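Read the structure below first, then the notes.
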Amino acid sequence: MSESPSLDGLRVLAHPLRLRILSLLTGVAMSAAEAARELGETQANVSYHVRRLHEAGLLDVAEEVRIRGGLAKRYRHDPESGMRFTSKHPDEEQLLIAAMVEELKRRSEFRLPDERGSISDAEMWVDRETWEKALEHARELSDLLHSAAKPPRTRGTIPVSATVAMFEMRRP
């Protein structure tokens with residue numbers, strides 16, 4: 001029995017591979033086959049996830065190219081699409097956070113321990129002005145990194161991980 005489209009749609013960001021695809025396609029437009037090679041996944045698996053992300057409005061077709069007599073679509077991720085998506089599907093944010101946790105675990109295995117980085121975790125009470133300022137800095141950080149994203153292995157670049165989840169909590 002198939003799930004209802006609304007329930008099925010709410011799970012689009014719940015898979016860590018989809019987060020990897022979105023991250024990859026922020027820096028460069030790629031076909032599913034190209035993305036699969038870069039991610040070390042099967043083309044069929046990546047194609048499935050790319051279709052789901054495209055259907056949800058999280059990937060745009062950047063171009064169509066002829067490859068060996070066929071037509072391949074190259075997709076690109078607009079980081080702003082995530083906010084539009086989660087605002088339409090609030091329950092998706094919980095699934096997204098769970099997928100982010102799993103993806104952070106995977107990425108941490110590749111961390112260079114002697115290199116500079118920043119790790120912070122906090123649950124605290126702050127005034128509204130400080131909170132708004134912190135959110136603005138987080139958005140600026142995200143914009144900076146996403147706008148500077150390059151194709152994998154571009155000369156002069158380094159692979160980095162950035163995971164930010166900031167939210168106001170209800171009072172206990």
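Chain identifiers are assigned as A, B, and so on, following the order in which chains appear in the structure tokens; residues are numbered from 1 within each chain, and ligands are numbered from 1 in order of appearance.
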(message) Based on the backbone DSSP call, show me all residues of range 13-170 of chain A assigned alpha helix (DSSP H), as a PyMOL selection string.
(response) chain A and resi 16-27+32-39+43-55+81-88+90-108+128-148
(message) Ranking A:Met169, A:Ser161, A:His146, A:Leu17 by minimum distance to Leu104 in chain A and counting only C-alpha atoms, which one comes first?
(response)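 Of A:Met169, A:Ser161, A:His146, A:Leu17, the one nearest Leu104 in chain A, counting only C-alpha atoms, is A:Ser161.
Distance check against Glu64 in chain A using only C-alpha atoms: of A:Met83, A:Ala35, A:Ala29, A:Val46, the minimum falls on A:Ala29.
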(message) I'd like the contact shell of Pro159 in chain A - 12 Å cut-off, only C-alpha atoms, skipping same-chain residues fewer than 5 positions apart - returned as a list in words.
(response)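 Here the answer would be Ser23, Leu24, Gly27, Arg107, Phe110, Arg111, Leu112, Leu145, Ala149, Lys150, Pro151, Pro152, Arg153 and Thr154 of chain A.
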(message) Need the shell around Tyr48 in chain A: protein/DNA/RNA residues with any atom at most 12 Å away, counting only C-alpha atoms. Skip same-chain ones fewer than 6 positions apart. Format as number ranges by chain?
(response) A: 12, 15, 17-18, 21, 32-33, 35-36, 41-42, 54-55
(message) With DSSP run on the backbone, what are the strand (DSSP E) residues within range 55-168 of chain A? I'd like them as a PyMOL selection string.
(response) chain A and resi 59-67+70-77
(request) Would you mind reading off the distance between CA of Leu13 in chain A and CA of Asp91 in chain A, one decimal, in Å? (result)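 Spanning CA of Leu13 in chain A to CA of Asp91 in chain A is a straight-line distance of 10.6 Å.
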(message) Nearest residue to Gly82 in chain A out of A:Leu39, A:Leu22, A:Met124, A:Val101, using only C-alpha atoms?
(response)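 Going through A:Leu39, A:Leu22, A:Met124, A:Val101 one by one, the smallest distance to Gly82 in chain A is for A:Leu22.
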(message) Neighbouring residues of Glu102 in chain A were defined as those with any atom within 12 Å, considering only C-alpha atoms; residues of the same chain fewer than 5 positions away were excluded. Please report them as a list of chain:residue names.
(response)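 Listing them by chain and then by number gives A:Ala14, A:His15, A:Pro16, A:Leu17, A:Arg18, A:Leu19, A:Arg20, A:Leu95, A:Leu96, A:Ile97, A:Arg107, A:Ser108, A:Glu109, A:Thr163.
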(message) Just want the 8 Å neighbourhood of Met30 in chain A, counted on only C-alpha atoms, with same-chain residues fewer than 2 positions away dropped. Output as a VMD selection string.
(response) chain A and resid 25 28 32 to 35 73 to 76
(request) Could you tell me how far CA of Ser118 in chain A lies from CA of Gly156 in chain A, in Å and to one decimal? (result)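 Interatomic distance here is 21.5 Å.
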(message) Between A:Ile158, A:Glu136, A:Ile67, A:Lys88, which residue has the minimum interatomic distance to Glu115 in chain A, considering only C-alpha atoms?
(response) A:Ile158
(message) With distances taken over only C-alpha atoms, which residue among A:Arg68, A:Val164, A:Ala148, A:Lys133 lies nearest Ser120 in chain A?
(response) A:Val164
(message) Would you compute the distance between CA of Met166 in chain A and CA of Leu135 in chain A? Give it in Å to one decimal.
(response) 7.4 Å
